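Q: Structure file coords31.cif, mmCIF, C-alpha atoms, is pasted below:
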data_structure
#
loop_
_atom_site.label_atom_id
_atom_site.label_comp_id
_atom_site.auth_asym_id
_atom_site.auth_seq_id
_atom_site.Cartn_x
_atom_site.Cartn_y
_atom_site.Cartn_z
CA MET A 1452 -188.62 51.32 63.70
CA LYS A 1453 -185.57 53.39 64.51
CA LEU A 1454 -185.15 53.70 68.25
CA GLN A 1455 -184.11 56.90 69.94
CA ARG A 1456 -180.72 56.94 71.61
CA ASN A 1457 -179.89 59.59 74.17
CA GLY A 1458 -177.10 59.94 76.67
CA ARG A 1459 -179.21 58.92 79.65
CA SER A 1460 -180.68 55.75 78.17
CA LYS A 1461 -177.32 54.66 76.79
CA ALA A 1462 -175.70 55.25 80.16
CA LEU A 1463 -178.41 53.21 81.87
CA ALA A 1464 -177.98 50.37 79.42
CA ILE A 1465 -174.23 50.36 79.84
CA GLY A 1466 -174.70 50.47 83.62
CA ALA A 1467 -177.08 47.54 83.40
CA MET A 1468 -174.57 45.59 81.32
CA ALA A 1469 -171.91 46.09 83.95
CA LEU A 1470 -174.24 45.17 86.79
CA VAL A 1471 -175.90 42.17 85.25
CA SER A 1472 -172.63 40.61 84.13
CA SER A 1473 -171.60 40.45 87.78
CA LEU A 1474 -174.78 38.79 88.97
CA SER A 1475 -175.08 35.04 89.31
CA LEU A 1476 -178.22 33.14 88.36
CA ALA A 1477 -179.60 31.19 91.30
CA ALA A 1478 -180.07 27.48 90.64
CA CYS A 1479 -179.28 27.21 87.35
CA GLY A 1480 -191.97 41.44 73.55
CA SER A 1481 -189.09 47.78 65.58
CA ASP A 1482 -192.65 46.59 66.35
CA ASN A 1483 -195.02 46.90 63.42
CA ASN A 1484 -196.45 43.39 63.08
CA ASN A 1485 -195.45 43.40 59.42
CA ASN A 1486 -193.01 41.16 57.59
CA THR A 1487 -189.53 42.60 57.94
CA THR A 1488 -186.63 40.97 56.16
CA ALA A 1489 -183.02 41.96 56.65
CA SER A 1490 -180.71 41.14 53.78
CA ASN A 1491 -178.23 43.96 54.24
CA GLY A 1492 -177.21 46.42 56.95
CA ASN A 1493 -179.73 49.25 56.99
CA SER A 1494 -180.63 49.93 60.60
CA GLY A 1495 -179.52 49.35 64.17
CA THR A 1496 -176.03 48.93 65.52
CA ALA A 1497 -173.98 46.52 63.42
CA ALA A 1498 -171.77 44.08 65.29
CA PRO A 1499 -168.21 43.50 64.13
CA ALA A 1500 -168.17 40.77 61.49
CA SER A 1501 -165.57 38.95 63.59
CA ALA A 1502 -168.24 38.47 66.30
CA ILE A 1503 -170.44 36.44 63.95
CA ASN A 1504 -169.87 32.89 62.74
CA CYS A 1505 -172.11 32.75 59.68
CA GLY A 1506 -172.30 29.05 59.01
CA LYS A 1507 -174.01 28.00 55.79
CA PRO A 1508 -176.04 30.63 53.88
CA GLY A 1509 -179.75 30.22 54.45
CA SER A 1510 -183.06 31.84 55.27
CA LEU A 1511 -184.94 31.80 58.57
CA ILE A 1512 -188.58 32.71 59.13
CA ALA A 1513 -189.70 33.55 62.66
CA ALA A 1514 -192.52 35.38 64.42
CA GLY A 1515 -193.97 36.24 67.81
CA SER A 1516 -193.08 38.67 70.59
CA THR A 1517 -193.31 42.32 69.68
CA ALA A 1518 -191.37 43.17 72.85
CA GLN A 1519 -188.18 41.97 71.18
CA GLY A 1520 -188.96 43.59 67.82
CA ALA A 1521 -186.32 46.30 68.14
CA ALA A 1522 -183.75 43.77 69.34
CA MET A 1523 -184.49 41.58 66.32
CA ASP A 1524 -184.00 44.58 64.03
CA VAL A 1525 -180.49 45.06 65.41
CA TRP A 1526 -179.61 41.38 65.25
CA LYS A 1527 -181.01 40.80 61.75
CA THR A 1528 -179.15 43.79 60.40
CA SER A 1529 -175.81 42.78 61.92
CA PHE A 1530 -176.12 39.12 60.96
CA ALA A 1531 -177.20 39.75 57.38
CA ALA A 1532 -174.48 42.38 56.89
CA ALA A 1533 -171.82 39.89 57.99
CA CYS A 1534 -173.30 36.83 56.27
CA SER A 1535 -173.84 37.25 52.55
CA GLY A 1536 -176.70 35.19 51.18
CA THR A 1537 -178.47 34.82 54.52
CA THR A 1538 -181.81 36.43 55.38
CA ILE A 1539 -183.64 36.56 58.70
CA ASN A 1540 -187.34 37.32 58.42
CA TYR A 1541 -189.07 38.13 61.74
CA GLN A 1542 -192.76 38.96 61.89
CA GLY A 1543 -194.40 40.29 65.07
CA GLY A 1544 -197.97 39.39 65.87
CA GLY A 1545 -197.50 38.69 69.58
CA SER A 1546 -196.19 35.77 71.60
CA GLY A 1547 -199.37 33.72 71.28
CA ALA A 1548 -199.37 33.96 67.51
CA GLY A 1549 -195.69 33.07 67.37
CA ILE A 1550 -196.11 29.90 69.42
CA GLN A 1551 -199.13 28.92 67.34
CA GLN A 1552 -197.21 29.31 64.09
CA PHE A 1553 -194.24 27.41 65.53
CA ASN A 1554 -196.46 24.50 66.55
CA GLN A 1555 -197.97 24.50 63.07
CA GLY A 1556 -194.50 24.08 61.55
CA LYS A 1557 -194.69 27.41 59.71
CA ILE A 1558 -191.60 29.04 61.22
CA GLN A 1559 -188.14 27.98 62.41
CA PHE A 1560 -188.37 29.70 65.80
CA ALA A 1561 -190.83 31.79 67.79
CA GLY A 1562 -190.31 34.69 70.17
CA SER A 1563 -192.35 34.54 73.36
CA ASP A 1564 -192.37 36.72 76.48
CA SER A 1565 -193.53 33.76 78.54
CA ALA A 1566 -192.28 30.20 78.68
CA LEU A 1567 -194.11 27.36 76.94
CA LYS A 1568 -196.98 25.84 78.86
CA PRO A 1569 -197.25 22.02 79.13
CA ALA A 1570 -200.01 21.87 76.48
CA GLU A 1571 -197.87 23.94 74.11
CA VAL A 1572 -194.90 21.63 74.68
CA ASP A 1573 -197.10 18.62 73.91
CA ALA A 1574 -198.33 20.29 70.71
CA SER A 1575 -194.76 21.02 69.63
CA LYS A 1576 -193.91 17.31 69.49
CA ALA A 1577 -195.91 17.04 66.27
CA VAL A 1578 -193.42 19.31 64.46
CA CYS A 1579 -190.27 18.58 66.48
CA THR A 1580 -189.74 15.01 65.29
CA GLY A 1581 -188.20 13.01 68.11
CA GLY A 1582 -188.04 16.08 70.32
CA GLN A 1583 -190.05 19.03 71.62
CA GLY A 1584 -190.11 22.80 71.85
CA ILE A 1585 -187.79 24.38 74.42
CA ASP A 1586 -187.32 27.87 75.87
CA LEU A 1587 -184.06 29.73 75.32
CA PRO A 1588 -183.93 33.04 77.27
CA MET A 1589 -182.57 35.68 74.91
CA VAL A 1590 -183.88 39.18 75.66
CA GLY A 1591 -184.16 40.82 79.06
CA GLY A 1592 -186.47 43.76 79.52
CA LEU A 1593 -188.81 45.64 81.78
CA ILE A 1594 -192.44 46.64 81.43
CA SER A 1595 -193.04 50.35 81.90
CA LEU A 1596 -196.39 51.63 83.11
CA VAL A 1597 -196.46 54.54 80.68
CA TYR A 1598 -198.81 57.47 81.20
CA ASN A 1599 -199.84 60.79 79.70
CA VAL A 1600 -201.17 63.12 82.38
CA ASP A 1601 -200.60 66.87 82.16
CA GLY A 1602 -198.68 68.23 85.11
CA VAL A 1603 -197.69 64.82 86.46
CA ASP A 1604 -194.05 63.98 85.87
CA ASN A 1605 -193.19 61.53 88.64
CA LEU A 1606 -196.14 59.21 89.07
CA VAL A 1607 -195.83 56.45 91.65
CA LEU A 1608 -198.04 53.34 91.66
CA ASP A 1609 -198.02 50.09 93.60
CA GLY A 1610 -199.31 46.63 92.78
CA PRO A 1611 -202.83 46.93 94.23
CA THR A 1612 -203.41 50.41 92.83
CA ALA A 1613 -202.15 49.56 89.34
CA ALA A 1614 -204.26 46.39 89.27
CA LYS A 1615 -207.37 48.38 90.23
CA VAL A 1616 -206.63 51.03 87.60
CA PHE A 1617 -206.34 48.45 84.82
CA ASP A 1618 -209.50 46.67 86.03
CA SER A 1619 -211.54 49.92 86.13
CA GLN A 1620 -211.92 49.70 89.90
CA ILE A 1621 -210.15 53.08 90.11
CA THR A 1622 -211.40 55.43 87.42
CA LYS A 1623 -210.17 58.94 88.36
CA TRP A 1624 -206.61 60.20 88.44
CA ASN A 1625 -207.23 62.01 91.74
CA ALA A 1626 -208.62 58.89 93.43
CA PRO A 1627 -207.54 58.56 97.09
CA GLU A 1628 -205.41 55.49 96.38
CA ILE A 1629 -203.35 57.33 93.75
CA ALA A 1630 -203.19 60.54 95.79
CA ALA A 1631 -201.81 58.65 98.81
CA LEU A 1632 -198.90 57.39 96.70
CA ASN A 1633 -198.23 60.83 95.20
CA PRO A 1634 -198.33 63.45 97.97
CA GLY A 1635 -198.02 66.97 96.57
CA ALA A 1636 -198.73 65.94 92.99
CA LYS A 1637 -201.39 67.90 91.09
CA LEU A 1638 -203.54 64.98 90.04
CA PRO A 1639 -206.39 66.04 87.75
CA ASP A 1640 -210.06 65.29 88.39
CA ALA A 1641 -210.15 63.37 85.12
CA GLU A 1642 -211.23 59.94 83.93
CA ILE A 1643 -208.42 57.40 83.51
CA GLN A 1644 -208.19 55.93 80.01
CA THR A 1645 -206.43 52.56 80.07
CA PHE A 1646 -205.07 50.79 77.02
CA HIS A 1647 -204.27 47.08 76.83
CA ARG A 1648 -203.01 44.73 74.13
CA SER A 1649 -205.59 43.38 71.69
CA ASP A 1650 -203.32 40.51 70.64
CA ASP A 1651 -202.31 37.57 72.83
CA ALA A 1652 -199.13 38.95 74.37
CA GLY A 1653 -196.47 37.68 76.71
CA THR A 1654 -196.17 41.27 77.94
CA THR A 1655 -199.77 41.04 79.14
CA GLU A 1656 -199.02 37.73 80.85
CA ASN A 1657 -196.02 39.18 82.68
CA LEU A 1658 -198.03 42.24 83.75
CA THR A 1659 -200.85 40.08 85.10
CA LYS A 1660 -198.36 37.79 86.87
CA TYR A 1661 -197.15 40.95 88.63
CA PHE A 1662 -200.73 41.85 89.54
CA ALA A 1663 -201.27 38.33 90.90
CA ALA A 1664 -198.05 38.42 92.95
CA ALA A 1665 -198.09 42.03 94.16
CA GLY A 1666 -201.71 43.14 93.74
CA GLY A 1667 -202.90 42.15 97.19
CA GLY A 1668 -205.88 40.29 95.74
CA ALA A 1669 -207.06 43.25 93.64
CA TRP A 1670 -206.62 41.28 90.40
CA SER A 1671 -209.14 38.44 90.34
CA TYR A 1672 -208.24 36.91 86.96
CA PRO A 1673 -205.68 34.25 86.10
CA ALA A 1674 -202.48 35.50 84.52
CA GLY A 1675 -202.48 34.99 80.77
CA LYS A 1676 -201.61 36.34 77.34
CA ALA A 1677 -205.21 37.41 76.61
CA TRP A 1678 -206.49 40.52 78.38
CA ALA A 1679 -209.13 39.77 81.02
CA GLY A 1680 -209.61 43.04 82.92
CA LYS A 1681 -212.74 45.17 82.75
CA GLY A 1682 -213.03 48.30 80.62
CA GLY A 1683 -210.28 50.11 78.79
CA GLN A 1684 -209.51 50.15 75.10
CA SER A 1685 -207.23 47.86 73.11
CA ALA A 1686 -204.51 48.35 70.52
CA ASN A 1687 -202.31 45.96 68.60
CA GLY A 1688 -198.74 45.34 69.65
CA SER A 1689 -196.36 47.38 71.78
CA ALA A 1690 -196.21 50.05 69.09
CA GLY A 1691 -200.00 50.30 69.03
CA VAL A 1692 -200.51 50.92 72.74
CA SER A 1693 -197.51 53.29 72.81
CA ALA A 1694 -199.05 55.39 70.05
CA GLN A 1695 -202.38 55.55 71.88
CA VAL A 1696 -200.85 56.76 75.14
CA LYS A 1697 -198.82 59.37 73.30
CA GLN A 1698 -201.96 60.71 71.61
CA VAL A 1699 -204.59 60.40 74.36
CA LYS A 1700 -204.54 62.64 77.44
CA ASN A 1701 -205.01 61.09 80.89
CA SER A 1702 -204.13 57.64 79.57
CA ILE A 1703 -202.00 54.77 80.85
CA SER A 1704 -200.76 51.48 79.41
CA TYR A 1705 -197.87 49.01 79.64
CA VAL A 1706 -194.97 48.65 77.19
CA GLU A 1707 -191.35 47.61 77.21
CA LEU A 1708 -188.74 50.22 78.16
CA ALA A 1709 -187.47 50.42 74.58
CA TYR A 1710 -190.89 51.63 73.39
CA ALA A 1711 -191.27 54.04 76.29
CA GLN A 1712 -187.95 55.61 75.34
CA THR A 1713 -188.71 55.65 71.62
CA ASN A 1714 -192.01 57.46 72.13
CA SER A 1715 -190.71 59.77 74.90
CA LEU A 1716 -193.34 58.43 77.30
CA LYS A 1717 -193.21 58.90 81.05
CA SER A 1718 -192.89 55.74 83.16
CA ALA A 1719 -194.33 55.33 86.64
CA ALA A 1720 -192.08 54.33 89.52
CA ILE A 1721 -193.24 51.34 91.55
CA ASN A 1722 -193.71 51.34 95.31
CA THR A 1723 -192.63 47.77 96.11
CA GLY A 1724 -192.39 48.17 99.87
CA ALA A 1725 -188.71 49.10 99.66
CA SER A 1726 -187.53 52.31 101.33
CA LYS A 1727 -188.34 54.35 98.21
CA PRO A 1728 -190.19 53.83 94.92
CA VAL A 1729 -188.19 52.00 92.27
CA ALA A 1730 -187.78 53.73 88.91
CA ALA A 1731 -188.28 51.93 85.61
CA THR A 1732 -184.64 51.74 84.54
CA ALA A 1733 -182.57 49.04 82.89
CA GLU A 1734 -180.24 48.97 85.90
CA ASN A 1735 -183.09 48.33 88.34
CA ALA A 1736 -184.54 45.64 86.08
CA ALA A 1737 -181.13 43.97 85.84
CA SER A 1738 -181.13 43.57 89.61
CA THR A 1739 -184.36 41.54 89.45
CA ILE A 1740 -183.47 39.52 86.35
CA GLY A 1741 -180.09 38.59 87.82
CA LYS A 1742 -181.85 36.83 90.71
CA ALA A 1743 -184.14 34.72 88.49
CA GLN A 1744 -184.52 31.06 89.41
CA ALA A 1745 -184.27 28.14 87.00
CA ALA A 1746 -187.73 26.76 86.19
CA GLY A 1747 -187.04 24.48 83.23
CA SER A 1748 -185.47 21.04 83.13
CA GLY A 1749 -183.01 19.42 80.76
CA SER A 1750 -182.37 21.63 77.75
CA ASP A 1751 -185.33 23.88 78.58
CA LEU A 1752 -183.98 27.06 80.19
CA ALA A 1753 -187.18 28.74 81.38
CA LEU A 1754 -186.69 31.14 84.30
CA LYS A 1755 -188.86 32.10 87.27
CA LEU A 1756 -188.99 35.79 88.10
CA ASP A 1757 -189.85 37.36 91.47
CA TYR A 1758 -192.59 39.87 90.61
CA ALA A 1759 -193.19 40.58 94.31
CA THR A 1760 -189.60 41.56 95.12
CA LYS A 1761 -189.15 44.18 97.82
CA GLU A 1762 -185.39 44.44 97.53
CA GLU A 1763 -183.92 47.91 97.32
CA GLY A 1764 -183.44 49.04 93.72
CA SER A 1765 -185.14 45.99 92.19
CA TYR A 1766 -187.81 46.88 89.64
CA PRO A 1767 -190.48 44.15 89.77
CA LEU A 1768 -192.16 44.43 86.37
CA VAL A 1769 -189.64 42.55 84.25
CA LEU A 1770 -189.82 40.03 81.46
CA ILE A 1771 -187.68 37.53 79.62
CA THR A 1772 -188.27 36.94 75.92
CA TYR A 1773 -187.52 33.37 74.90
CA GLU A 1774 -186.68 31.99 71.49
CA ILE A 1775 -188.73 28.82 71.10
CA VAL A 1776 -186.94 26.11 69.11
CA CYS A 1777 -187.02 22.33 68.73
CA ASP A 1778 -184.38 20.54 70.75
CA LYS A 1779 -184.55 17.81 68.10
CA GLY A 1780 -186.32 17.63 64.78
CA ASN A 1781 -185.35 21.02 63.36
CA LYS A 1782 -185.43 21.25 59.56
CA ALA A 1783 -182.08 20.08 58.21
CA GLU A 1784 -181.91 22.80 55.54
CA THR A 1785 -182.16 25.62 58.11
CA LEU A 1786 -180.56 24.08 61.21
CA ASP A 1787 -177.07 25.45 60.59
CA THR A 1788 -178.38 28.98 59.99
CA LEU A 1789 -180.61 28.74 63.06
CA LYS A 1790 -177.73 27.72 65.31
CA SER A 1791 -175.42 30.38 63.88
CA PHE A 1792 -177.96 33.18 64.30
CA LEU A 1793 -178.96 32.24 67.85
CA THR A 1794 -175.32 31.81 68.85
CA TYR A 1795 -174.74 35.41 67.78
CA THR A 1796 -177.82 36.77 69.60
CA ALA A 1797 -176.69 35.09 72.83
CA SER A 1798 -173.09 36.28 72.43
CA ASP A 1799 -171.53 39.15 74.36
CA ALA A 1800 -171.60 41.25 71.18
CA GLY A 1801 -175.25 40.46 70.51
CA GLN A 1802 -176.35 41.24 74.05
CA LYS A 1803 -174.32 44.46 74.15
CA ALA A 1804 -175.89 45.64 70.88
CA VAL A 1805 -179.44 45.38 72.21
CA GLY A 1806 -178.39 46.75 75.60
CA GLU A 1807 -177.79 50.03 73.77
CA LYS A 1808 -181.45 49.98 72.67
CA GLY A 1809 -183.06 49.91 76.10
CA TYR A 1810 -183.01 46.15 76.74
CA VAL A 1811 -181.34 44.44 79.69
CA PRO A 1812 -178.37 42.23 78.73
CA LEU A 1813 -178.73 38.79 80.28
CA PRO A 1814 -176.18 37.57 82.84
CA LYS A 1815 -173.33 35.57 81.34
CA THR A 1816 -174.33 32.67 83.59
CA VAL A 1817 -177.53 32.53 81.52
CA THR A 1818 -176.07 33.11 78.06
CA ASP A 1819 -173.36 30.50 78.62
CA LYS A 1820 -176.08 27.91 79.30
CA VAL A 1821 -178.05 29.12 76.26
CA ASN A 1822 -175.06 28.70 73.97
CA GLY A 1823 -174.40 25.28 75.43
CA VAL A 1824 -177.94 24.18 74.46
CA ILE A 1825 -177.76 25.82 71.00
CA ALA A 1826 -174.72 23.70 70.18
CA THR A 1827 -176.77 20.54 70.82
CA LEU A 1828 -179.79 21.44 68.64
CA ALA A 1829 -180.47 18.77 66.04
#
For this file, write the structure as C-alpha cells.
A:
Amino acid sequence: MKLQRNGRSKALAIGAMALVSSLSLAACGSDNNNNTTASNGNSGTAAPASAINCGKPGSLIAAGSTAQGAAMDVWKTSFAAACSGTTINYQGGGSGAGIQQFNQGKIQFAGSDSALKPAEVDASKAVCTGGQGIDLPMVGGLISLVYNVDGVDNLVLDGPTAAKVFDSQITKWNAPEIAALNPGAKLPDAEIQTFHRSDDAGTTENLTKYFAAAGGGAWSYPAGKAWAGKGGQSANGSAGVSAQVKQVKNSISYVELAYAQTNSLKSAAINTGASKPVAATAENAASTIGKAQAAGSGSDLALKLDYATKEEGSYPLVLITYEIVCDKGNKAETLDTLKSFLTYTASDAGQKAVGEKGYVPLPKTVTDKVNGVIATLA
C-alpha cells in the first residue's frame, strides 16, 4: 500500500524525529494481510546502501502486527535493494496471529503491538531451544480515533466518552457527553456506527489499556487483543477498519496515524485534562513515548506506557510495535539475515525512513539498547 506524503505530515514526522531523539527513556500494528515479499526496490523510501550491512544472503518469513505494515514495506524494500539474494516476507494477520505462528516455529520473527505475556513466553521456549521469546521495541506510533461525520472537523473526545461510544453506552453523535466536549460544533442527531478489529490485534489491546487507564470506570472489560465491547461492526486489519470509516457516514474507529493519513481520515483530539485537547500528531505521541518506562528484564526490552498522561502536549493513545525473536535458539540458517535486517530497522536510517511515513522514530536511548541485544542473538 503506497502511503500518502504531504508537507504537513512530513513536517510532523521530522519534528517528531528531532524531539524524540532528545528525550531520555526513564529506567532503562501496507496492511493487506496478504503475503508480501520484497526482492527488489519497488516501493517506499530506499535507504542508502551504505546504511545497511547485509550479512549472508538469506530469506526471512515473518508475520503479525498490521500497524507496522507500512513500515515493513519501507524496510523490506530498502534491505532487499541493498542486499542481493535476500528476501524478507512479512504477512499481516494481526499481533495475535503473529505470536501464535512464532510459537509454532513457522516464522523467524513476529510483529506485535503488545509485549509477550508470561504464558506466551513459556510457550516460546518450545521453539527457542535453550532460550525464550523476547520483545524488541521497533516501531513507535499513535492510535487515531478516526471519524466520518459531516460538518464536524475538530472532534474532541476524552477517555470516558470514547469508552462509552465504543461500548454502545453512547449511541448518538449529539449526546450530551459529546456536546459538552465540543461546544459550538454542529453535531448531528444521528446514530454512531463504531467499527472495531475482527482479528486479535495489539492495536485493540493498546486502545483498551487506554480505556482502562483513562476511562473513569466506563470500560468494564479487561484489556486484550480480542474485542470485548458491545455492539459495533468489525473489519479485518487496520486497512479494513480504515476503509469502513471512509465509506460509512457517522462512523468512528481506531487506526494508526499512518492509516489515518493514507485514507485522509479526520482524527479526534483527546481531552486528557491538560489545558487544551491534544491533537493526534507524531510530535505529541513522541512526547509520551519518550517517557516510557522499562518493563522487561534481561534482554527483554518491553516498555510501559502512560496512557493516562495529563502532561501538556502528550498524546495518550500511543503504541509500540515489538519484533518478537528468540534470544537463543534461532535457526542457524537464518540467524545472520535476521540480525542484519533488525540491525537496519533499529538504525538511525531505518527509523528516519519510517518517520517519513507517519510513524514515531524511537528515542536513540531505546534503539541503542535494541541493537545491543540484537548483537547477542544466538
Q: I'd like the residues picked by the PyMOL selection byres ((chain A and resi 1737) around 8) written out as a CSV table (one decimal) with C-alpha atoms, in the frame of the given file, using the chain letters and numbers from the file.
A:
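Output below, filename result-v4.csv:
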chain,number,residue,atom,x,y,z
A,1467,ALA,CA,-177.1,47.5,83.4
A,1470,LEU,CA,-174.2,45.2,86.8
A,1471,VAL,CA,-175.9,42.2,85.2
A,1733,ALA,CA,-182.6,49.0,82.9
A,1734,GLU,CA,-180.2,49.0,85.9
A,1735,ASN,CA,-183.1,48.3,88.3
A,1736,ALA,CA,-184.5,45.6,86.1
A,1738,SER,CA,-181.1,43.6,89.6
A,1739,THR,CA,-184.4,41.5,89.4
A,1740,ILE,CA,-183.5,39.5,86.4
A,1741,GLY,CA,-180.1,38.6,87.8
A,1765,SER,CA,-185.1,46.0,92.2
A,1811,VAL,CA,-181.3,44.4,79.7
A,1812,PRO,CA,-178.4,42.2,78.7
A,1813,LEU,CA,-178.7,38.8,80.3
Q: The PyMOL selection byres ((chain A and resi 1556-1568) around 6) on the file shown: which residues, as a JSON list (two decimals) with C-alpha atoms, in the coordinates of the input?
A:
[["chain", "number", "residue", "atom", "x", "y", "z"],
["A", 1480, "GLY", "CA", -191.97, 41.44, 73.55],
["A", 1512, "ILE", "CA", -188.58, 32.71, 59.13],
["A", 1513, "ALA", "CA", -189.70, 33.55, 62.66],
["A", 1514, "ALA", "CA", -192.52, 35.38, 64.42],
["A", 1515, "GLY", "CA", -193.97, 36.24, 67.81],
["A", 1516, "SER", "CA", -193.08, 38.67, 70.59],
["A", 1546, "SER", "CA", -196.19, 35.77, 71.60],
["A", 1549, "GLY", "CA", -195.69, 33.07, 67.37],
["A", 1550, "ILE", "CA", -196.11, 29.90, 69.42],
["A", 1552, "GLN", "CA", -197.21, 29.31, 64.09],
["A", 1553, "PHE", "CA", -194.24, 27.41, 65.53],
["A", 1554, "ASN", "CA", -196.46, 24.50, 66.55],
["A", 1555, "GLN", "CA", -197.97, 24.50, 63.07],
["A", 1569, "PRO", "CA", -197.25, 22.02, 79.13],
["A", 1570, "ALA", "CA", -200.01, 21.87, 76.48],
["A", 1571, "GLU", "CA", -197.87, 23.94, 74.11],
["A", 1578, "VAL", "CA", -193.42, 19.31, 64.46],
["A", 1653, "GLY", "CA", -196.47, 37.68, 76.71],
["A", 1753, "ALA", "CA", -187.18, 28.74, 81.38],
["A", 1771, "ILE", "CA", -187.68, 37.53, 79.62],
["A", 1772, "THR", "CA", -188.27, 36.94, 75.92],
["A", 1773, "TYR", "CA", -187.52, 33.37, 74.90],
["A", 1774, "GLU", "CA", -186.68, 31.99, 71.49],
["A", 1775, "ILE", "CA", -188.73, 28.82, 71.10],
["A", 1776, "VAL", "CA", -186.94, 26.11, 69.11]]
Q: Using the chain letters and residue numbers of this document, give as a compact mmCIF listing (two decimals) with C-alpha atoms, in the coordinates of the input the residues selected by the PyMOL selection byres ((chain A and resi 1818) around 10).
A:
# COMPACT_ATOMS: atom_id res chain seq x y z
CA LEU A 1587 -184.06 29.73 75.32
CA PRO A 1588 -183.93 33.04 77.27
CA MET A 1589 -182.57 35.68 74.91
CA THR A 1794 -175.32 31.81 68.85
CA THR A 1796 -177.82 36.77 69.60
CA ALA A 1797 -176.69 35.09 72.83
CA SER A 1798 -173.09 36.28 72.43
CA ASP A 1799 -171.53 39.15 74.36
CA GLN A 1802 -176.35 41.24 74.05
CA PRO A 1812 -178.37 42.23 78.73
CA LEU A 1813 -178.73 38.79 80.28
CA PRO A 1814 -176.18 37.57 82.84
CA LYS A 1815 -173.33 35.57 81.34
CA THR A 1816 -174.33 32.67 83.59
CA VAL A 1817 -177.53 32.53 81.52
CA ASP A 1819 -173.36 30.50 78.62
CA LYS A 1820 -176.08 27.91 79.30
CA VAL A 1821 -178.05 29.12 76.26
CA ASN A 1822 -175.06 28.70 73.97
CA GLY A 1823 -174.40 25.28 75.43
CA VAL A 1824 -177.94 24.18 74.46
Q: Enumerate, as a PyMOL selection string, the protein, DNA and RNA residues whose atoms approach (-194.7, 53.1, 74.1) to within 7 Å, taking into account all atoms listed in the file and the coordinate frame of the file.
A: chain A and resi 1597+1689-1690+1692-1694+1706+1710-1711+1713-1714+1716
Q: Please compute the atom CA of Glu1642 of chain A-atom CA of Ala1719 of chain A distance, one decimal, in Å.
A: 17.7 Å
Q: Grab the atom CA of Ile1621 of chain A to atom CA of Ala1664 of chain A distance for me, in Å with one decimal place.
A: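 Going from atom CA of Ile1621 of chain A over to atom CA of Ala1664 of chain A, I get 19.2 Å.
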Q: Of the candidates A:Thr1612, A:Ser1529, A:Ser1595, A:Thr1827, which one gets nearest to Ile1629 of chain A if we count all atoms listed in the file?
A: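 Under the stated criterion, the closest residue is A:Thr1612.
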Q: From the options A:Asn1633, A:Asn1657, A:Ser1685, A:Ser1791, which residue's atoms come nearest to Thr1645 of chain A, counting all atoms listed in the file?
A: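 Between A:Asn1633, A:Asn1657, A:Ser1685, A:Ser1791, the residue approaching Thr1645 of chain A most closely is A:Ser1685.
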Q: Which residue, A:Asp1604, A:Glu1628, A:Asp1757, A:Glu1784, has the smallest gap to Lys1717 of chain A when you use only C-alpha atoms?
A: A:Asp1604
Q: To one decimal in Å, tell me the separation between atom CA of Phe1792 of chain A and atom CA of Ala1743 of chain A.
A: 25.0 Å
Q: Which residue gives the smallest distance to Ala1521 of chain A among A:Val1590, A:Leu1756, A:Ala1730, A:Leu1786, with only C-alpha atoms counted?
A: A:Val1590
Q: For Gly1635 of chain A, which residue out of A:Leu1606, A:Ala1686, A:Thr1659, A:Asp1651 is the nearest one, using all atoms listed in the file?
A: A:Leu1606
